[in-house]
$ cat entry.txt   # compact mmCIF, C-alpha atoms (C1' of nucleotides)
# COMPACT_ATOMS: atom_id res chain seq x y z
CA MET F 293 0.03 -17.18 7.04
CA ASN F 294 3.00 -17.91 9.20
CA ILE F 295 4.13 -14.28 9.48
CA LYS F 296 3.18 -12.77 12.81
CA PRO F 297 1.92 -9.29 11.96
CA GLU F 298 3.58 -7.78 15.04
CA LEU F 299 6.96 -9.13 14.00
CA CYS F 300 6.62 -8.41 10.33
CA ARG F 301 9.47 -6.97 8.27
CA VAL F 302 7.47 -6.02 5.22
CA ASP F 303 7.98 -2.36 6.01
CA ASP F 304 11.75 -2.78 6.00
CA ALA F 305 11.54 -3.98 2.42
CA LEU F 306 9.06 -1.29 1.44
CA ASP F 307 11.29 1.43 2.85
CA ILE F 308 13.91 0.49 0.27
CA ILE F 309 11.64 -0.06 -2.70
CA VAL F 310 9.27 2.85 -2.30
CA GLY F 311 10.02 6.07 -4.10
CA LYS F 312 8.47 7.36 -7.26
CA TRP F 313 11.14 5.98 -9.60
CA LYS F 314 12.92 3.39 -7.50
CA PRO F 315 11.28 0.27 -8.88
CA ILE F 316 11.99 1.25 -12.45
CA ILE F 317 15.61 2.13 -11.61
CA ILE F 318 16.04 -1.26 -9.94
CA LEU F 319 14.46 -3.01 -12.91
CA HIS F 320 16.76 -1.29 -15.38
CA LEU F 321 19.81 -2.26 -13.37
CA LEU F 322 18.57 -5.81 -12.85
CA LYS F 323 18.16 -6.07 -16.60
CA ASN F 324 21.31 -4.33 -17.79
CA GLY F 325 23.71 -4.99 -14.94
CA THR F 326 25.65 -1.74 -15.29
CA MET F 327 24.51 1.64 -16.54
CA ARG F 328 25.88 5.17 -16.60
CA PHE F 329 24.01 8.08 -15.08
CA GLY F 330 23.02 9.56 -18.43
CA GLU F 331 21.99 6.18 -19.74
CA LEU F 332 19.59 5.76 -16.83
CA LYS F 333 18.35 9.30 -17.35
CA ARG F 334 17.57 8.57 -21.00
CA SER F 335 15.89 5.28 -20.08
CA ILE F 336 13.54 7.09 -17.72
CA PRO F 337 12.68 10.23 -19.68
CA GLU F 338 10.25 11.69 -17.14
CA ILE F 339 12.62 11.62 -14.18
CA THR F 340 14.43 14.79 -13.14
CA GLN F 341 18.16 14.83 -12.46
CA LYS F 342 17.48 15.70 -8.87
CA MET F 343 15.29 12.66 -8.26
CA LEU F 344 17.56 10.31 -10.18
CA THR F 345 20.52 11.41 -8.06
CA LYS F 346 18.53 11.22 -4.85
CA HIS F 347 17.12 7.75 -5.51
CA LEU F 348 20.49 6.42 -6.61
CA ARG F 349 22.13 7.73 -3.42
CA GLU F 350 19.47 6.11 -1.27
CA LEU F 351 19.72 2.76 -3.06
CA GLU F 352 23.51 2.91 -2.73
CA GLU F 353 23.19 3.66 0.98
CA GLU F 354 21.16 0.48 1.40
CA ASP F 355 23.66 -1.63 -0.55
CA VAL F 356 21.18 -2.33 -3.32
CA ILE F 357 23.41 -0.74 -5.96
CA ASN F 358 27.08 0.06 -6.46
CA ARG F 359 28.38 3.44 -7.57
CA VAL F 360 31.72 3.67 -9.34
CA VAL F 361 33.23 7.03 -10.24
CA TYR F 362 35.87 7.17 -12.97
CA PRO F 363 38.19 10.12 -12.38
CA GLU F 364 37.95 11.44 -15.92
CA VAL F 365 36.92 14.65 -17.60
CA PRO F 366 34.10 14.67 -18.46
CA PRO F 367 33.03 12.56 -15.48
CA LYS F 368 31.84 9.01 -15.88
CA VAL F 369 29.83 7.26 -13.20
CA GLU F 370 28.57 3.72 -13.43
CA TYR F 371 25.79 2.19 -11.41
CA SER F 372 25.22 -1.52 -11.03
CA ILE F 373 23.00 -3.81 -9.02
CA THR F 374 24.71 -5.58 -6.11
CA GLU F 375 24.40 -9.31 -5.48
CA TYR F 376 22.29 -8.32 -2.53
CA GLY F 377 20.11 -6.10 -4.68
CA LYS F 378 19.53 -8.99 -7.06
CA GLU F 379 17.62 -10.69 -4.27
CA LEU F 380 14.91 -8.10 -4.80
CA GLU F 381 14.05 -9.67 -8.14
CA PRO F 382 11.49 -12.20 -6.82
CA ILE F 383 9.67 -9.36 -5.08
CA MET F 384 9.66 -7.28 -8.24
CA VAL F 385 8.37 -10.19 -10.28
CA ALA F 386 5.62 -11.02 -7.76
CA MET F 387 4.50 -7.40 -7.64
CA HIS F 388 4.61 -7.05 -11.40
CA GLU F 389 2.42 -10.11 -11.83
CA TRP F 390 -0.10 -9.07 -9.21
CA GLY F 391 -0.03 -5.52 -10.57
CA THR F 392 -0.77 -6.74 -14.07
CA LYS F 393 -3.83 -8.64 -12.86
CA HIS F 394 -4.91 -5.66 -10.82
CA ALA F 395 -4.62 -3.21 -13.71
CA LEU F 396 -6.70 -5.57 -15.85
CA ARG F 397 -9.29 -5.93 -13.12
CA LYS F 398 -9.69 -2.18 -12.73
CA GLN F 399 -9.99 -1.80 -16.47
CA GLN F 400 -12.79 -4.38 -16.60
CA LYS F 401 -14.57 -2.71 -13.70
CA THR F 402 -14.51 0.58 -15.58
CA ILE F 403 -16.02 -1.07 -18.65
CA GLU F 404 -18.80 -2.64 -16.54
CA ASN F 405 -19.68 0.72 -15.05
CA ARG F 406 -19.89 2.26 -18.52
CA GLY F 407 -22.33 -0.39 -19.78
CA MET B 243 14.86 -10.36 -15.93
CA ASN B 244 12.03 -10.80 -18.34
CA ILE B 245 10.11 -7.75 -17.14
CA LYS B 246 10.54 -4.81 -19.48
CA PRO B 247 11.02 -1.80 -17.22
CA GLU B 248 8.92 0.43 -19.46
CA LEU B 249 5.98 -1.97 -19.25
CA CYS B 250 6.34 -2.79 -15.60
CA ARG B 251 3.35 -3.01 -13.27
CA VAL B 252 5.22 -2.98 -10.00
CA ASP B 253 3.86 0.48 -9.25
CA ASP B 254 0.29 -0.75 -9.60
CA ALA B 255 0.94 -3.23 -6.81
CA LEU B 256 2.81 -0.71 -4.69
CA ASP B 257 -0.05 1.78 -4.98
CA ILE B 258 -2.26 -0.70 -3.15
CA ILE B 259 0.22 -1.90 -0.55
CA VAL B 260 1.84 1.38 0.40
CA GLY B 261 0.46 3.29 3.32
CA LYS B 262 1.84 3.50 6.81
CA TRP B 263 -0.33 0.72 8.23
CA LYS B 264 -1.60 -1.11 5.15
CA PRO B 265 0.78 -4.07 5.21
CA ILE B 266 0.05 -4.83 8.83
CA ILE B 267 -3.71 -4.53 8.25
CA ILE B 268 -3.44 -6.93 5.32
CA LEU B 269 -1.34 -9.35 7.38
CA HIS B 270 -3.84 -9.36 10.22
CA LEU B 271 -6.71 -10.09 7.85
CA LEU B 272 -4.71 -12.74 5.98
CA LYS B 273 -4.07 -14.40 9.30
CA ASN B 274 -7.47 -14.08 10.94
CA GLY B 275 -9.78 -14.02 7.94
CA THR B 276 -12.40 -11.76 9.52
CA MET B 277 -12.00 -9.02 12.10
CA ARG B 278 -14.13 -6.25 13.54
CA PHE B 279 -13.04 -2.62 13.45
CA GLY B 280 -12.25 -2.48 17.16
CA GLU B 281 -10.42 -5.77 17.00
CA LEU B 282 -8.13 -4.39 14.30
CA LYS B 283 -7.69 -1.21 16.30
CA ARG B 284 -6.60 -3.18 19.35
CA SER B 285 -4.27 -5.32 17.25
CA ILE B 286 -2.49 -2.20 15.96
CA PRO B 287 -2.27 -0.05 19.07
CA GLU B 288 -0.37 2.85 17.49
CA ILE B 289 -2.80 3.47 14.66
CA THR B 290 -5.33 6.29 14.92
CA GLN B 291 -9.00 5.74 14.15
CA LYS B 292 -8.72 8.15 11.28
CA MET B 293 -5.94 6.23 9.57
CA LEU B 294 -7.52 2.85 10.23
CA THR B 295 -10.75 4.01 8.62
CA LYS B 296 -8.94 5.63 5.71
CA HIS B 297 -6.76 2.62 4.94
CA LEU B 298 -9.68 0.20 5.24
CA ARG B 299 -11.72 2.30 2.81
CA GLU B 300 -8.89 2.36 0.31
CA LEU B 301 -8.28 -1.38 0.53
CA GLU B 302 -12.00 -1.98 0.10
CA GLU B 303 -12.06 0.27 -2.93
CA GLU B 304 -9.37 -1.90 -4.54
CA ASP B 305 -11.23 -5.14 -3.77
CA VAL B 306 -8.52 -6.33 -1.41
CA ILE B 307 -10.91 -6.52 1.54
CA ASN B 308 -14.64 -6.86 2.16
CA ARG B 309 -16.60 -4.64 4.51
CA VAL B 310 -19.84 -5.92 6.05
CA VAL B 311 -22.01 -3.66 8.18
CA TYR B 312 -24.49 -5.27 10.57
CA PRO B 313 -27.46 -2.96 11.17
CA GLU B 314 -27.35 -3.21 14.93
CA VAL B 315 -26.98 -0.86 17.87
CA PRO B 316 -24.22 -0.56 18.80
CA PRO B 317 -22.85 -0.94 15.26
CA LYS B 318 -20.84 -3.95 14.19
CA VAL B 319 -18.62 -3.90 11.13
CA GLU B 320 -16.59 -6.84 9.93
CA TYR B 321 -13.62 -6.72 7.59
CA SER B 322 -12.25 -9.70 5.74
CA ILE B 323 -9.68 -10.41 3.09
CA THR B 324 -11.07 -11.16 -0.37
CA GLU B 325 -9.97 -14.12 -2.47
CA TYR B 326 -8.29 -11.56 -4.65
CA GLY B 327 -6.57 -9.99 -1.66
CA LYS B 328 -5.24 -13.38 -0.66
CA GLU B 329 -3.14 -13.30 -3.80
CA LEU B 330 -1.05 -10.62 -2.10
CA GLU B 331 0.31 -13.18 0.33
CA PRO B 332 3.29 -14.29 -1.80
CA ILE B 333 4.34 -10.65 -2.11
CA MET B 334 4.04 -10.12 1.63
CA VAL B 335 6.05 -13.24 2.35
CA ALA B 336 8.77 -12.30 -0.15
CA MET B 337 9.04 -8.80 1.29
CA HIS B 338 9.05 -10.07 4.85
CA GLU B 339 11.89 -12.45 4.09
CA TRP B 340 13.99 -9.88 2.27
CA GLY B 341 13.18 -7.32 4.96
CA THR B 342 14.34 -9.68 7.68
CA LYS B 343 17.69 -10.15 5.97
CA HIS B 344 17.97 -6.44 5.39
CA ALA B 345 17.28 -5.52 9.01
CA LEU B 346 19.93 -8.01 10.10
CA ARG B 347 22.41 -6.61 7.60
CA LYS B 348 21.92 -3.04 8.80
CA GLN B 349 22.30 -4.17 12.38
CA GLN B 350 25.63 -5.86 11.60
CA LYS B 351 26.82 -2.79 9.74
CA THR B 352 26.08 -0.67 12.80
CA ILE B 353 28.06 -3.02 15.00
CA GLU B 354 31.03 -2.94 12.59
CA ASN B 355 31.06 0.84 12.63
CA ARG B 356 31.03 0.87 16.41
CA GLY B 357 34.06 -1.42 16.62
C1' DC I 30 28.57 14.51 -18.08
C1' DT I 31 27.13 14.27 -13.45
C1' DG I 32 25.74 16.38 -10.38
C1' DT I 33 23.95 20.74 -6.26
C1' DA I 34 20.99 24.36 -4.44
C1' DT I 35 16.69 26.60 -3.88
C1' DC I 36 11.94 27.30 -3.92
C1' DC I 37 7.38 25.56 -3.88
C1' DA I 38 2.95 22.67 -4.07
C1' DA I 39 0.50 18.55 -2.86
C1' DG I 40 -0.74 15.08 0.13
C1' DG I 41 0.20 11.69 3.84
C1' DG I 42 -0.36 11.17 8.44
C1' DG I 43 -0.80 12.74 13.63
C1' DA I 44 -3.73 14.95 17.52
C1' DT I 45 -7.90 16.01 19.08
C1' DA I 46 -12.78 16.67 19.48
C1' DC I 47 -17.32 15.34 18.10
C1' DT I 48 -21.46 11.91 16.51
C1' DG I 49 -25.32 8.37 15.34
C1' DC T 281 -18.91 0.72 18.52
C1' DA T 282 -17.42 2.71 14.49
C1' DG T 283 -16.76 6.18 12.63
C1' DT T 284 -16.27 12.17 10.95
C1' DA T 285 -14.31 16.73 11.03
C1' DT T 286 -10.44 20.03 11.74
C1' DC T 287 -6.19 21.70 12.14
C1' DC T 288 -1.41 21.29 11.27
C1' DC T 289 3.21 19.52 10.34
C1' DC T 290 6.44 17.15 7.56
C1' DT T 291 8.09 14.75 3.67
C1' DT T 292 8.08 13.82 -1.22
C1' DG T 293 8.83 15.28 -5.56
C1' DG T 294 8.68 18.90 -9.49
C1' DA T 295 10.88 23.15 -11.75
C1' DT T 296 14.60 25.70 -12.43
C1' DA T 297 19.18 27.56 -12.18
C1' DC T 298 23.99 26.88 -11.30
C1' DA T 299 28.77 24.20 -11.02
C1' DG T 300 33.14 21.28 -11.51

$ encode --input "entry.txt" --output "structure tokens"
Amino acid sequence: MNIKPELCRVDDALDIIVGKWKPIIILHLLKNGTMRFGELKRSIPEITQKMLTKHLRELEEEDVINRVVYPEVPPKVEYSITEYGKELEPIMVAMHEWGTKHALRKQQKTIENRG
Amino acid sequence: MNIKPELCRVDDALDIIVGKWKPIIILHLLKNGTMRFGELKRSIPEITQKMLTKHLRELEEEDVINRVVYPEVPPKVEYSITEYGKELEPIMVAMHEWGTKHALRKQQKTIENRG
DNA sequence: CTGTATCCAAGGGGATACTG
DNA sequence: CAGTATCCCCTTGGATACAG
């Protein structure tokens, strides 16, 4: 460990990533590049409009995503990951991998306790 | 991106890491290996006893740390990172690095807006 | 289609006092 | 020394209705 705990910036990263649906929003945009509001909504069936809007605004505020409004009727709004936001990918991958192991581990523990 | 958003396990990792003082607790134990309760408390001056206890219990529950009680008076309790918990280090490092950039970026933005 | 506005419940976290 | 026990506030997020 070469990170000094007192000087650590882990929380700065967590502040951006944490939010019930933020990781999955980021993953969708990392994967697809650009998506419309409704497209995201359909990709994440459980999310409410309110939370999708709120999370998107917060991610935009932190320069993780871009928001482009087309002045049409009906409205069309496209969201895309920024170059900067793309740098979150290694973190996502590392967490996904650790999370996969962890889920497996918990599952095995449950089985042991049953037997 | 080879992670399918619908099958993503990022949240499983976040569930373990998120908590006001959890990252810093993990970093201290990654760095020092083994620490006593009071030693951790002194290393994180702002934390309350209640939250330190709560976070330590949760991390123990997830096998990220070990808790060893020495039956002495006064009591002595030692916490240490598990081998499994050590696997969180790459995530911590990745988040710290991104977080450092992000903090710098926000700082520059503030300066721009002042000018 | 892409949002706002409002109300409400759950729980995370702080302050403080007490204990074996 | 290493915790518990209470009380209390604030934020997060869900449900629902409305709007340009």

$ residues_around --input "entry.txt" --residues "Leu249 in chain B" --least-positions-apart "2" --cutoff "12 Å" --atoms "all atoms listed in the file" --output "number ranges by chain"
F: 315-316, 319-320, 336, 388-389, 391-392; B: 244-247, 251-254

$ interface_residues --input "entry.txt" --of "chain T" --to "chain F" --cutoff "12 Å" --atoms "all atoms listed in the file" --output "PDB file with C-alpha atoms (C1' of nucleotides), in the coordinates of the input"
ATOM      1  C1'  DT T 291       8.090  14.750   3.670  1.00  0.00           C
ATOM      2  C1'  DT T 292       8.080  13.820  -1.220  1.00  0.00           C
ATOM      3  C1'  DG T 293       8.830  15.280  -5.560  1.00  0.00           C
ATOM      4  C1'  DG T 294       8.680  18.900  -9.490  1.00  0.00           C
ATOM      5  C1'  DA T 295      10.880  23.150 -11.750  1.00  0.00           C
ATOM      6  C1'  DT T 296      14.600  25.700 -12.430  1.00  0.00           C
ATOM      7  C1'  DG T 300      33.140  21.280 -11.510  1.00  0.00           C
TER       8       DG T 300
END

$ residues_around --input "entry.txt" --residues "range 303-311 of chain B" --least-positions-apart "5" --cutoff "7 Å" --atoms "all atoms listed in the file" --output "list in words"
Lys318, Val319, Glu320, Tyr321, Ser322, Ile323, Thr324, Tyr326 and Gly327 of chain B

$ interface_residues --input "entry.txt" --of "chain I" --to "chain B" --cutoff "9 Å" --atoms "all atoms listed in the file" --output "list in words"
DG41, DG42 and DG43 of chain I

$ closest_residue --input "entry.txt" --among "F:Glu331, F:Glu364, F:Asp307, F:Glu352" --to "chain B" --atoms "only C-alpha atoms"
F:Asp307

$ residues_near_point --input "entry.txt" --point "(-13.6, 15.6, 11.6)" --cutoff "12 Å" --atoms "all atoms listed in the file" --output "number ranges by chain"
B: 291-292; I: 44-48; T: 283-287

$ closest_residue --input "entry.txt" --among "B:Thr276, B:Asn355, B:Ser285, B:Gln350" --to "chain F" --atoms "only C-alpha atoms"
B:Ser285

$ atom_distance --input "entry.txt" --atom1 "CA of His347 in chain F" --atom2 "CA of Gln349 in chain B"
22.1 Å

$ atom_distance --input "entry.txt" --atom1 "CA of Glu329 in chain B" --atom2 "CA of Leu282 in chain B"
20.8 Å

$ atom_distance --input "entry.txt" --atom1 "CA of Ile353 in chain B" --atom2 "CA of Leu306 in chain F"
23.4 Å

$ residues_near_point --input "entry.txt" --point "(4.2, -14.4, -6.7)" --cutoff "8 Å" --atoms "only C-alpha atoms (C1' of nucleotides)" --output "ChimeraX atom specification"
/F:382-383,385-387,389-390 /B:329-330,332-333

$ closest_residue --input "entry.txt" --among "F:Leu348, F:Pro337, F:Phe329, F:Arg406" --to "chain B" --atoms "all atoms listed in the file"
F:Pro337

$ axis_aligned_box --input "entry.txt" --around "range 31-41 of chain I" --padding-each-side "3 Å" --output "AutoDock Vina command-line options"
--center_x 13.2 --center_y 19.5 --center_z -4.8 --size_x 33.9 --size_y 21.6 --size_z 23.3
